[in-house]
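Here the structure is laid out as structure tokens; the discussion comes afterwards.
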Amino acid sequence: VVVRHDNLAHNLTLISDALVGNDALGTPVVVSWLPQYHDMGLIGSWMGAMYTGGCGVYLSPISYMQDPVLWLRLMSRYKCTHTQAPNFSLRLTLRRYLAALRKGKAPKDLDLSSLKHFFNAAEPVSASDIDEFVETFSKRAGLNASAMVPGYGLAEHVVYVCDGGKQRLVVNVRELETNQRILVVNDDDDEKVGRVLVGCGVPGKDVDLLIVKEVKDGVFTSLQEDQVGEIWLRSGSKTRGYWNMPEKIRKEMFMARLEGQDD
């Protein structure tokens, strides 16, 4: 994507407001293994730390994959306040930690009580993975459950859209996938019927959001609550298009309009 200076500045301001917008989060100390050629690693983790006047401790993705528990040890050693990772790393890190625990090789003085903001994004968020990770490390390392904040972003919006998701809904998976409709079911329904959806928070006032569907070629209409569709965003973070892609694609994807809408 083509990211201009004003897009980057706007998105870093959104990140700053979310991460250190109140005194409770304070000056961030980031510990991250995310690759810095990826938007969440480069902008969310590295530039975000600089922009907010914080500091960062970084290890390579290869080092993390070889020893996921190293990530936890570094967070403990440097009193990490902020970290970011996709959901798979919760499963991987927990599995390796429990394996080390069974062998008597897990770190005994692990302390994650300083962690205030664990941004879980970049792939679908799993409620069960969050619960298992938080349950284990709240007991063994003092992790505060409120630190785990599912979020949402995309490169076409520089990186960050929102975080702080708390809501969970158990929905009928057949209605969701077949009819694009949200039908809430009971927690104890058959797992083949119910699927837990984890909320990713609500964008701030500087970000406009619509859920839409295409009614005919190139014509879209806005949807009501409990309907499934495309996510449309508009803000100063919206990038200018894809590098070396035709103008037609830019207009369709970056300058889309609803039916009957001029602006």
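For the structure tokens, the naming scheme is as follows: chains receive sequential letters (A, B, ...) according to their order of presentation, residues are indexed from 1 within each chain, and ligands are indexed from 1 in presentation order.
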
Would you kindly return, as a VMD selection string, each protein, DNA or RNA residue with an atom no farther than 10 Å from any atom of segment 28-34 of chain A, considering only C-alpha atoms and excluding same-chain residues fewer than 5 positions away? chain A and resid 16 19 to 20 39 to 42 44 to 46 48 to 50 52 to 65 68 70 to 72 74 to 76 78 to 86 114 to 118

Any chance you could list, as a ChimeraX atom specification, the residues in segment 97-199 of chain A that come up helix (DSSP H, G or I) when DSSP is run on the backbone? /A:97-102,127-141,145-147,155-157,173-179

For Val2 of chain A, which residue out of A:Val202, A:Leu90, A:Met245, A:Cys162 is the nearest one, using only C-alpha atoms? A:Met245

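Nearest to Gly151 of chain A of all the residues A:Gln224, A:Asn87, A:Asn172, A:Gln261 is A:Asn87, counting only C-alpha atoms.
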
Mind running segment 95-213 of chain A against segment 232-235 of chain A at 9 Å and telling me each contacting residue's nearest atom pair with the distance in Å (one decimal), counting only C-alpha atoms, chain and number ascending, as a Markdown table?
```
| residue | atom | partner | partner_atom | distance |
| --- | --- | --- | --- | --- |
| A:His157 | CA | A:Leu233 | CA | 7.9 |
| A:Val161 | CA | A:Leu233 | CA | 8.7 |
| A:Asp206 | CA | A:Ser235 | CA | 6.3 |
| A:Val207 | CA | A:Ser235 | CA | 4.9 |
| A:Asp208 | CA | A:Arg234 | CA | 5.1 |
| A:Leu209 | CA | A:Leu233 | CA | 4.7 |
| A:Leu210 | CA | A:Trp232 | CA | 5.1 |
| A:Ile211 | CA | A:Trp232 | CA | 6.2 |
| A:Val212 | CA | A:Trp232 | CA | 7.2 |
```

Running DSSP on the backbone, which parts of segment 30-249 of chain A land in strand (DSSP E or B), as number ranges by chain? A: 30-32, 55-58, 82-85, 117-120, 148-150, 152-153, 160-162, 168-172, 181, 184, 194-198, 208-216, 219-222, 227, 230-234

Excluding same-chain residues fewer than 2 positions from segment 129-142 of chain A, what lies within 8 Å of it counting only C-alpha atoms, as a list in words? Asn87, Leu90, Arg91, Leu94, Asp109, Leu110, Asp111, Leu112, Ser113, Ser126, Ala127, Asn144, Ala145 and Met148 of chain A

Requested write-out: C-alpha atoms of the selected residues, as a PDB file, in the first residue's frame:
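File produced: out-v2.pdb:
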```
ATOM      1  CA  ASN A  87      -3.393 -15.244  18.237  1.00  0.00           C
ATOM      2  CA  LEU A  90      -0.698 -17.608  22.540  1.00  0.00           C
ATOM      3  CA  ARG A  91      -1.116 -21.303  21.740  1.00  0.00           C
ATOM      4  CA  LEU A  94       1.638 -21.696  26.241  1.00  0.00           C
ATOM      5  CA  ASP A 109      10.471 -16.227  38.769  1.00  0.00           C
ATOM      6  CA  LEU A 110       8.358 -15.177  35.776  1.00  0.00           C
ATOM      7  CA  ASP A 111       6.571 -11.867  36.468  1.00  0.00           C
ATOM      8  CA  LEU A 112       4.078 -10.466  33.942  1.00  0.00           C
ATOM      9  CA  SER A 113       2.261  -8.196  36.389  1.00  0.00           C
ATOM     10  CA  SER A 126      -9.819 -17.330  19.705  1.00  0.00           C
ATOM     11  CA  ALA A 127     -11.679 -17.071  23.031  1.00  0.00           C
ATOM     12  CA  ASN A 144      -3.779  -9.196  34.755  1.00  0.00           C
ATOM     13  CA  ALA A 145      -6.661 -10.547  32.651  1.00  0.00           C
ATOM     14  CA  MET A 148      -5.477  -8.931  26.975  1.00  0.00           C
TER      15      MET A 148
END
```

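Atom CA of Ser146 of chain A sits 23.3 Å away from atom CA of Arg96 of chain A.
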
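Checking A:Pro35, A:Gly194, A:Gly204, A:Pro124 one by one against Val173 of chain A, counting only C-alpha atoms, you find the shortest gap at A:Gly194.
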
Hey, which of A:Asp217, A:Val158, A:Glu225, A:Arg168 ends up closest to Arg181 of chain A? Count only C-alpha atoms. A:Glu225

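Computed from the coordinates, the atom CA of Lys213 of chain A to atom CA of Cys200 of chain A distance equals 20.7 Å.
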
Show which residues sit within 9 Å of Arg250 of chain A, as a list of chain:residue names. Count only C-alpha atoms, and ignore same-chain residues fewer than 5 positions away. A:Arg240, A:Gly241, A:Tyr242, A:Met245, A:Met255, A:Ala256

Which residues, written as a PyMOL selection string, have at least one atom at most 9 Å from Leu8 of chain A, with only C-alpha atoms counted and residues fewer than 2 positions away on the same chain left out? chain A and resi 3-6+10-13+43+158+236-237+239

Atoms to include: all heavy atoms. Write the selected residues as an mmCIF file, in the first residue's frame.
```
data_model
loop_
_atom_site.group_PDB
_atom_site.id
_atom_site.type_symbol
_atom_site.label_atom_id
_atom_site.label_comp_id
_atom_site.auth_asym_id
_atom_site.auth_seq_id
_atom_site.Cartn_x
_atom_site.Cartn_y
_atom_site.Cartn_z
ATOM 1 N N VAL A 3 1.614 4.505 1.598
ATOM 2 C CA VAL A 3 1.383 5.185 2.877
ATOM 3 C C VAL A 3 2.066 6.542 2.839
ATOM 4 O O VAL A 3 3.288 6.623 2.737
ATOM 5 C CB VAL A 3 1.934 4.357 4.056
ATOM 6 C CG1 VAL A 3 1.661 5.062 5.380
ATOM 7 C CG2 VAL A 3 1.311 2.969 4.066
ATOM 8 N N ARG A 4 1.289 7.607 2.902
ATOM 9 C CA ARG A 4 1.845 8.949 2.933
ATOM 10 C C ARG A 4 2.127 9.358 4.374
ATOM 11 O O ARG A 4 1.661 8.747 5.328
ATOM 12 C CB ARG A 4 0.886 9.936 2.273
ATOM 13 C CG ARG A 4 0.769 9.737 0.789
ATOM 14 C CD ARG A 4 -0.123 10.709 0.070
ATOM 15 N NE ARG A 4 -0.485 11.915 0.785
ATOM 16 C CZ ARG A 4 -0.994 13.000 0.192
ATOM 17 N NH1 ARG A 4 -1.160 13.002 -1.113
ATOM 18 N NH2 ARG A 4 -1.336 14.051 0.893
ATOM 19 N N HIS A 5 2.900 10.420 4.494
ATOM 20 C CA HIS A 5 3.286 10.903 5.814
ATOM 21 C C HIS A 5 2.071 11.242 6.668
ATOM 22 O O HIS A 5 2.024 10.942 7.869
ATOM 23 C CB HIS A 5 4.188 12.133 5.684
ATOM 24 C CG HIS A 5 4.716 12.641 6.991
ATOM 25 N ND1 HIS A 5 4.019 13.555 7.767
ATOM 26 C CD2 HIS A 5 5.854 12.356 7.675
ATOM 27 C CE1 HIS A 5 4.715 13.809 8.861
ATOM 28 N NE2 HIS A 5 5.826 13.105 8.827
ATOM 29 N N ASP A 6 1.054 11.864 6.069
ATOM 30 C CA ASP A 6 -0.121 12.237 6.859
ATOM 31 C C ASP A 6 -0.900 11.007 7.322
ATOM 32 O O ASP A 6 -1.476 11.005 8.419
ATOM 33 C CB ASP A 6 -1.023 13.201 6.084
ATOM 34 C CG ASP A 6 -1.509 12.641 4.763
ATOM 35 O OD1 ASP A 6 -0.865 11.720 4.224
ATOM 36 O OD2 ASP A 6 -2.545 13.115 4.260
ATOM 37 N N HIS A 10 -1.424 10.203 11.310
ATOM 38 C CA HIS A 10 -2.778 10.006 11.845
ATOM 39 C C HIS A 10 -2.887 8.676 12.576
ATOM 40 O O HIS A 10 -3.442 8.602 13.678
ATOM 41 C CB HIS A 10 -3.803 10.069 10.706
ATOM 42 C CG HIS A 10 -5.225 9.990 11.156
ATOM 43 N ND1 HIS A 10 -5.881 8.787 11.319
ATOM 44 C CD2 HIS A 10 -6.124 10.963 11.504
ATOM 45 C CE1 HIS A 10 -7.122 9.014 11.733
ATOM 46 N NE2 HIS A 10 -7.292 10.321 11.851
ATOM 47 N N ASN A 11 -2.341 7.616 11.978
ATOM 48 C CA ASN A 11 -2.471 6.303 12.597
ATOM 49 C C ASN A 11 -1.658 6.199 13.876
ATOM 50 O O ASN A 11 -2.115 5.594 14.863
ATOM 51 C CB ASN A 11 -2.047 5.210 11.614
ATOM 52 C CG ASN A 11 -2.706 3.879 11.918
ATOM 53 O OD1 ASN A 11 -2.048 2.929 12.334
ATOM 54 N ND2 ASN A 11 -4.014 3.803 11.717
ATOM 55 N N LEU A 12 -0.476 6.798 13.904
ATOM 56 C CA LEU A 12 0.315 6.789 15.129
ATOM 57 C C LEU A 12 -0.373 7.574 16.241
ATOM 58 O O LEU A 12 -0.242 7.238 17.417
ATOM 59 C CB LEU A 12 1.713 7.349 14.858
ATOM 60 C CG LEU A 12 2.660 6.400 14.120
ATOM 61 C CD1 LEU A 12 3.918 7.131 13.675
ATOM 62 C CD2 LEU A 12 3.028 5.202 14.995
ATOM 63 N N THR A 13 -1.119 8.601 15.872
ATOM 64 C CA THR A 13 -1.896 9.329 16.876
ATOM 65 C C THR A 13 -3.005 8.452 17.433
ATOM 66 O O THR A 13 -3.258 8.447 18.646
ATOM 67 C CB THR A 13 -2.489 10.613 16.268
ATOM 68 O OG1 THR A 13 -1.427 11.442 15.807
ATOM 69 C CG2 THR A 13 -3.296 11.375 17.299
ATOM 70 N N ILE A 43 5.094 -0.514 12.524
ATOM 71 C CA ILE A 43 4.385 0.704 12.931
ATOM 72 C C ILE A 43 3.816 0.571 14.335
ATOM 73 O O ILE A 43 4.019 1.429 15.192
ATOM 74 C CB ILE A 43 3.282 1.037 11.904
ATOM 75 C CG1 ILE A 43 3.913 1.273 10.531
ATOM 76 C CG2 ILE A 43 2.486 2.265 12.352
ATOM 77 C CD1 ILE A 43 2.939 1.300 9.391
ATOM 78 N N VAL A 158 -3.142 1.824 7.270
ATOM 79 C CA VAL A 158 -1.777 1.872 7.821
ATOM 80 C C VAL A 158 -1.529 0.638 8.674
ATOM 81 O O VAL A 158 -0.670 -0.177 8.378
ATOM 82 C CB VAL A 158 -1.486 3.170 8.599
ATOM 83 C CG1 VAL A 158 -0.048 3.150 9.142
ATOM 84 C CG2 VAL A 158 -1.687 4.386 7.706
ATOM 85 N N GLY A 236 -8.247 9.657 8.333
ATOM 86 C CA GLY A 236 -6.971 10.158 7.844
ATOM 87 C C GLY A 236 -5.930 9.080 7.676
ATOM 88 O O GLY A 236 -4.899 9.292 7.035
ATOM 89 N N SER A 237 -6.186 7.891 8.232
ATOM 90 C CA SER A 237 -5.249 6.773 8.086
ATOM 91 C C SER A 237 -5.442 5.990 6.798
ATOM 92 O O SER A 237 -4.594 5.168 6.453
ATOM 93 C CB SER A 237 -5.402 5.804 9.273
ATOM 94 O OG SER A 237 -4.977 6.376 10.488
ATOM 95 N N THR A 239 -5.043 4.756 3.382
ATOM 96 C CA THR A 239 -3.916 4.943 2.471
ATOM 97 C C THR A 239 -4.405 5.273 1.064
ATOM 98 O O THR A 239 -5.596 5.271 0.778
ATOM 99 C CB THR A 239 -3.015 3.699 2.456
ATOM 100 O OG1 THR A 239 -3.800 2.552 2.110
ATOM 101 C CG2 THR A 239 -2.396 3.485 3.828
#
```
